[in-house]
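Everything below belongs to data.cif, which stores mmCIF, C-alpha atoms.
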data_query
loop_
_atom_site.label_atom_id
_atom_site.label_comp_id
_atom_site.auth_asym_id
_atom_site.auth_seq_id
_atom_site.Cartn_x
_atom_site.Cartn_y
_atom_site.Cartn_z
CA MET C 1190 0.00 0.00 0.00
CA ASN C 1191 2.75 2.37 0.91
CA SER C 1192 4.67 1.48 -2.23
CA ASN C 1193 1.61 2.16 -4.40
CA ARG C 1194 1.16 5.54 -2.73
CA LEU C 1195 4.81 6.36 -3.34
CA ILE C 1196 4.51 5.37 -7.01
CA ASN C 1197 1.41 7.56 -7.41
CA THR C 1198 3.15 10.51 -5.76
CA VAL C 1199 6.17 10.17 -8.03
CA ALA C 1200 3.91 9.93 -11.09
CA ILE C 1201 1.99 13.07 -10.12
CA LEU C 1202 5.19 15.02 -9.50
CA THR C 1203 6.61 13.85 -12.85
CA VAL C 1204 3.51 14.97 -14.76
CA ALA C 1205 3.47 18.29 -12.93
CA PHE C 1206 7.12 18.83 -13.81
CA LEU C 1207 6.54 18.04 -17.48
CA ILE C 1208 3.58 20.36 -17.92
CA SER C 1209 4.92 23.21 -15.78
CA GLY C 1210 6.37 26.21 -17.57
CA CYS C 1211 9.64 27.97 -16.94
CA THR C 1212 9.94 31.75 -16.89
CA THR C 1213 13.13 33.70 -17.44
CA THR C 1214 13.58 37.44 -17.16
CA ARG C 1215 15.75 39.20 -19.72
CA THR C 1216 17.40 42.41 -18.60
CA THR C 1217 19.08 44.92 -20.88
CA ASP C 1218 20.85 48.24 -20.57
CA THR C 1219 20.30 51.32 -22.69
CA ALA C 1220 23.13 52.52 -24.93
CA ARG C 1221 23.62 55.46 -22.56
CA THR C 1222 23.24 55.11 -18.82
CA GLY C 1223 20.52 57.01 -17.04
CA MET C 1224 23.16 58.72 -14.89
CA GLU C 1225 25.01 60.00 -17.96
CA GLN C 1226 21.80 61.47 -19.36
CA LEU C 1227 20.91 63.04 -16.02
CA LEU C 1228 24.37 64.58 -15.69
CA ILE C 1229 23.99 66.28 -19.07
CA SER C 1230 20.39 67.39 -18.59
CA ASN C 1231 21.20 68.72 -15.11
CA ALA C 1232 24.11 70.76 -16.50
CA ILE C 1233 21.85 72.07 -19.29
CA ASP C 1234 19.18 73.06 -16.76
CA GLN C 1235 21.75 74.96 -14.69
CA THR C 1236 23.10 76.70 -17.79
CA LEU C 1237 19.68 77.83 -19.01
CA ASP C 1238 18.76 79.00 -15.51
CA LYS C 1239 21.55 81.58 -15.87
CA VAL C 1240 20.06 82.99 -19.07
CA ALA C 1241 18.16 86.28 -18.73
CA LEU C 1242 15.87 86.54 -21.75
CA PRO C 1243 15.15 89.78 -23.59
CA GLN C 1244 11.61 91.16 -23.73
CA VAL C 1245 9.78 88.40 -25.59
CA ALA C 1246 6.24 88.66 -24.19
CA GLY C 1247 3.75 88.86 -27.04
CA ARG C 1248 6.43 88.48 -29.72
CA LYS C 1249 6.81 85.74 -32.31
CA VAL C 1250 10.16 84.06 -31.71
CA PHE C 1251 11.89 81.58 -34.00
CA VAL C 1252 14.58 79.39 -32.43
CA ASP C 1253 17.34 78.80 -34.96
CA ASP C 1254 19.43 75.70 -34.22
CA LYS C 1255 21.65 75.64 -37.30
CA TYR C 1256 24.72 76.41 -35.18
CA LEU C 1257 23.85 73.94 -32.43
CA GLU C 1258 25.83 70.71 -32.57
CA ALA C 1259 25.58 68.89 -29.26
CA VAL C 1260 24.50 65.68 -27.61
CA ASP C 1261 20.91 65.86 -26.31
CA LYS C 1262 20.18 68.65 -28.77
CA GLY C 1263 16.46 67.95 -28.49
CA TYR C 1264 16.49 68.54 -24.74
CA ILE C 1265 18.35 71.84 -25.17
CA LEU C 1266 15.86 73.09 -27.75
CA GLY C 1267 12.84 71.84 -25.83
CA SER C 1268 14.02 73.50 -22.64
CA MET C 1269 14.70 76.75 -24.50
CA ARG C 1270 11.25 76.72 -26.07
CA GLN C 1271 9.69 76.10 -22.66
CA LYS C 1272 11.64 79.01 -21.19
CA LEU C 1273 10.49 81.33 -23.99
CA MET C 1274 6.84 80.29 -23.73
CA SER C 1275 6.91 80.71 -19.96
CA ALA C 1276 8.10 84.28 -20.57
CA GLY C 1277 5.10 84.96 -22.80
CA ALA C 1278 6.68 84.44 -26.23
CA GLN C 1279 4.87 82.84 -29.14
CA VAL C 1280 7.37 80.29 -30.42
CA VAL C 1281 6.94 79.72 -34.16
CA ASP C 1282 8.31 76.96 -36.37
CA ALA C 1283 9.21 79.15 -39.36
CA LYS C 1284 11.59 82.08 -39.54
CA GLU C 1285 9.40 83.92 -42.01
CA GLY C 1286 6.83 86.01 -40.20
CA SER C 1287 8.66 85.95 -36.87
CA ASP C 1288 9.54 89.11 -34.94
CA MET C 1289 12.71 87.76 -33.41
CA THR C 1290 15.19 85.03 -34.27
CA LEU C 1291 17.09 83.45 -31.41
CA GLU C 1292 20.22 81.50 -32.24
CA ILE C 1293 21.57 78.99 -29.76
CA PHE C 1294 24.98 77.34 -30.04
CA SER C 1295 27.13 75.03 -27.99
CA GLY C 1296 30.68 75.32 -26.71
CA GLY C 1297 30.63 71.85 -25.25
CA VAL C 1298 28.10 69.38 -23.87
CA GLY C 1299 29.41 66.08 -22.52
CA THR C 1300 30.59 63.95 -19.62
CA ASP C 1301 33.91 63.17 -17.96
CA ASN C 1302 35.02 60.52 -15.48
CA VAL C 1303 37.66 60.87 -12.77
CA GLU C 1304 38.91 58.07 -10.52
CA SER C 1305 41.35 58.41 -7.64
CA TYR C 1306 42.42 56.38 -4.64
CA VAL C 1307 44.77 56.33 -1.67
CA GLY C 1308 46.55 53.07 -1.05
CA VAL C 1309 49.26 50.71 -2.28
CA PRO C 1310 49.34 49.62 -5.93
CA GLY C 1311 49.76 45.99 -6.82
CA LEU C 1312 53.43 44.96 -7.10
CA THR C 1313 55.36 42.01 -8.44
CA VAL C 1314 58.56 41.11 -6.58
CA PRO C 1315 61.41 40.91 -9.14
CA GLY C 1316 62.84 37.41 -9.51
CA MET C 1317 60.21 35.84 -7.30
CA PRO C 1318 56.76 34.41 -8.03
CA VAL C 1319 55.26 36.76 -5.46
CA GLU C 1320 52.61 39.37 -6.11
CA ILE C 1321 51.53 41.97 -3.58
CA PRO C 1322 47.84 42.71 -4.11
CA GLU C 1323 46.55 46.25 -4.53
CA VAL C 1324 45.16 47.79 -1.36
CA ARG C 1325 42.80 50.76 -1.58
CA VAL C 1326 42.20 52.55 1.70
CA TYR C 1327 40.15 55.33 0.12
CA GLU C 1328 38.59 55.29 -3.34
CA LYS C 1329 36.52 57.89 -5.17
CA LYS C 1330 34.88 57.77 -8.59
CA SER C 1331 33.31 60.92 -9.99
CA GLN C 1332 31.32 61.69 -13.11
CA PHE C 1333 30.79 65.20 -14.43
CA GLY C 1334 28.35 66.63 -16.94
CA THR C 1335 29.31 69.96 -18.50
CA ALA C 1336 27.27 72.31 -20.67
CA LYS C 1337 28.44 75.55 -22.24
CA LEU C 1338 25.83 77.37 -24.32
CA GLY C 1339 25.66 80.71 -26.08
CA MET C 1340 22.65 82.67 -27.33
CA VAL C 1341 22.05 85.73 -29.46
CA ALA C 1342 18.81 87.25 -30.77
CA TYR C 1343 18.14 89.67 -33.60
CA ALA C 1344 15.17 91.25 -35.36
CA THR C 1345 14.21 88.81 -38.09
CA THR C 1346 13.39 91.45 -40.72
CA THR C 1347 16.26 93.89 -40.15
CA GLY C 1348 18.96 91.74 -38.56
CA ASP C 1349 19.46 94.29 -35.78
CA LEU C 1350 20.97 92.80 -32.64
CA LEU C 1351 18.40 92.61 -29.85
CA TYR C 1352 20.12 90.41 -27.30
CA ASP C 1353 23.52 88.88 -26.61
CA ASN C 1354 23.66 86.47 -23.71
CA GLY C 1355 27.33 85.67 -24.22
CA ARG C 1356 28.22 82.23 -22.90
CA THR C 1357 26.95 80.42 -19.85
CA LEU C 1358 28.67 77.42 -18.32
CA ALA C 1359 27.56 74.91 -15.71
CA ARG C 1360 28.63 71.53 -14.42
CA ALA C 1361 26.73 68.70 -12.73
CA ASP C 1362 28.43 65.96 -10.72
CA ASP C 1363 27.89 62.56 -9.19
CA SER C 1364 30.46 60.93 -6.90
CA ASN C 1365 30.81 57.56 -5.22
CA TRP C 1366 33.43 56.99 -2.55
CA SER C 1367 34.34 54.23 -0.14
CA VAL C 1368 36.72 53.70 2.77
CA MET C 1369 38.33 50.29 3.33
CA GLY C 1370 35.70 48.70 1.14
CA ILE C 1371 32.81 50.26 3.06
CA GLY C 1372 30.41 52.11 0.79
CA PRO C 1373 29.75 53.43 -1.70
CA PHE C 1374 28.78 56.76 -0.18
CA GLN C 1375 27.14 58.91 -2.83
CA GLU C 1376 26.97 62.66 -3.28
CA GLY C 1377 26.62 65.30 -5.97
CA SER C 1378 24.12 67.63 -7.63
CA VAL C 1379 22.46 64.86 -9.65
CA ARG C 1380 22.07 62.63 -6.59
CA GLU C 1381 20.47 65.52 -4.74
CA GLU C 1382 18.08 66.14 -7.64
CA VAL C 1383 17.02 62.50 -7.74
CA MET C 1384 16.50 62.32 -3.98
CA ARG C 1385 14.58 65.61 -3.97
CA ASN C 1386 12.21 64.56 -6.75
CA THR C 1387 11.67 60.94 -5.73
CA GLY C 1388 11.50 61.44 -1.99
CA GLY C 1389 14.18 58.80 -1.51
CA THR C 1390 17.08 58.70 0.90
CA ASP C 1391 20.51 57.67 -0.34
CA PHE C 1392 23.00 55.40 1.41
CA THR C 1393 25.09 58.28 2.73
CA ALA C 1394 22.10 59.89 4.40
CA ARG C 1395 21.03 56.58 5.95
CA VAL C 1396 24.48 56.06 7.46
CA ALA C 1397 24.48 59.62 8.84
CA ASN C 1398 21.01 59.15 10.33
CA ALA C 1399 22.05 55.84 11.90
CA ALA C 1400 25.10 57.51 13.44
CA ASP C 1401 22.92 60.26 14.89
CA ASP C 1402 20.58 57.66 16.39
CA LEU C 1403 23.46 55.94 18.12
CA LYS C 1404 24.63 59.22 19.66
CA PHE C 1405 21.34 59.67 21.50
CA ARG C 1406 21.00 56.14 22.81
#
In structure tokens, write the structure found in this file.
Amino acid sequence: MNSNRLINTVAILTVAFLISGCTTTRTTDTARTGMEQLLISNAIDQTLDKVALPQVAGRKVFVDDKYLEAVDKGYILGSMRQKLMSAGAQVVDAKEGSDMTLEIFSGGVGTDNVESYVGVPGLTVPGMPVEIPEVRVYEKKSQFGTAKLGMVAYATTTGDLLYDNGRTLARADDSNWSVMGIGPFQEGSVREEVMRNTGGTDFTARVANAADDLKFR
């Protein structure tokens, strides 16, 4: 009786295994990381925040991008159009019929990476099969997004100069650092923006809060 029950149990489990489905999850990464895109857009936002527009309220403004060659060009133009419309301008898609033409150009929009550490580099002892491993006491990795933009506006019909913003420059940053393998502790303008807009708390803040809790116990 027990053997029959065992055989039935094995048979049921075998059938269940054969008819059960397997699910796998495929994960992919975008060509550009989200952090890279945020670094650039944050730098662009800071740059445009420094721009003081001319009197555009009630005027038809055409944004000319023929001199703009930059990564995330669409975000630059979209942000500029938003800024103009918020100031009361009527942004038009054709130069003909506009009151003002605003040219925007780039002096540099991109990212950089910097890595530094304090410690002992890995060494190989000459003449001996001995290798001393690398030891990093302090390590910091930083990413920077930089945007340098220029703008000039003129009367579309006459070509008279109406506005010269010169050049504005801004930089966004994101850093990760660790001490004796403990970390990473994260900081920077992009990290602050993410935390502020998502209501999250990063690892660095959690460690600081935990330390404060211990002080009062």
Find the residues near region 1313-1326 of chain C: any atom within 7 Å, counting all atoms listed in the file, skip ones fewer than 5 places away on the same chain, and give them as a list of chain:residue names. C:Tyr1306, C:Val1307, C:Gly1308, C:Val1368, C:Met1369
Name every residue that the PyMOL selection byres ((chain C and resi 1229) around 12) selects in this structure, writing the answer as a PyMOL selection string with chains first and numbers rising. chain C and resi 1221-1228+1230-1236+1259-1262+1264-1265+1297-1301+1332-1337+1359-1363+1378-1379
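For the set C:Gly1388, C:Gly1311, C:Gly1377, C:Pro1243, the residue with the smallest atom-to-atom gap to Met1340 (chain C) is C:Pro1243, counting only C-alpha atoms.
CA of Val1280 (chain C) lies 11.1 Å from CA of Gly1267 (chain C).
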Which residues would end up in the selection if the PyMOL selection byres ((chain C and resi 1286-1295) around 10) were applied here, given that I need the answer as a PyMOL selection string? chain C and resi 1245+1247-1260+1262+1265-1266+1269+1278-1285+1296-1298+1336-1354+1356-1357
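One finds CA of Asp1238 (chain C) at 26.7 Å from CA of Asn1365 (chain C).
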Quote the spacing between CA of Gln1244 (chain C) and CA of Lys1272 (chain C) in Å to one decimal place. 12.4 Å
Please, what is the axis-aligned box for every listed atom of region 1298-1313 of chain C with 5 Å on each side, as centre and edge lengths in Å to one decimal, as JSON?
{"center_x": 41.7, "center_y": 55.7, "center_z": -12.5, "size_x": 37.3, "size_y": 37.4, "size_z": 32.8}
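You can rank C:Met1384, C:Leu1358, C:Thr1216, C:Glu1328 by their closest distance to Ile1371 (chain C) using only C-alpha atoms, and at the top of that list sits C:Glu1328.
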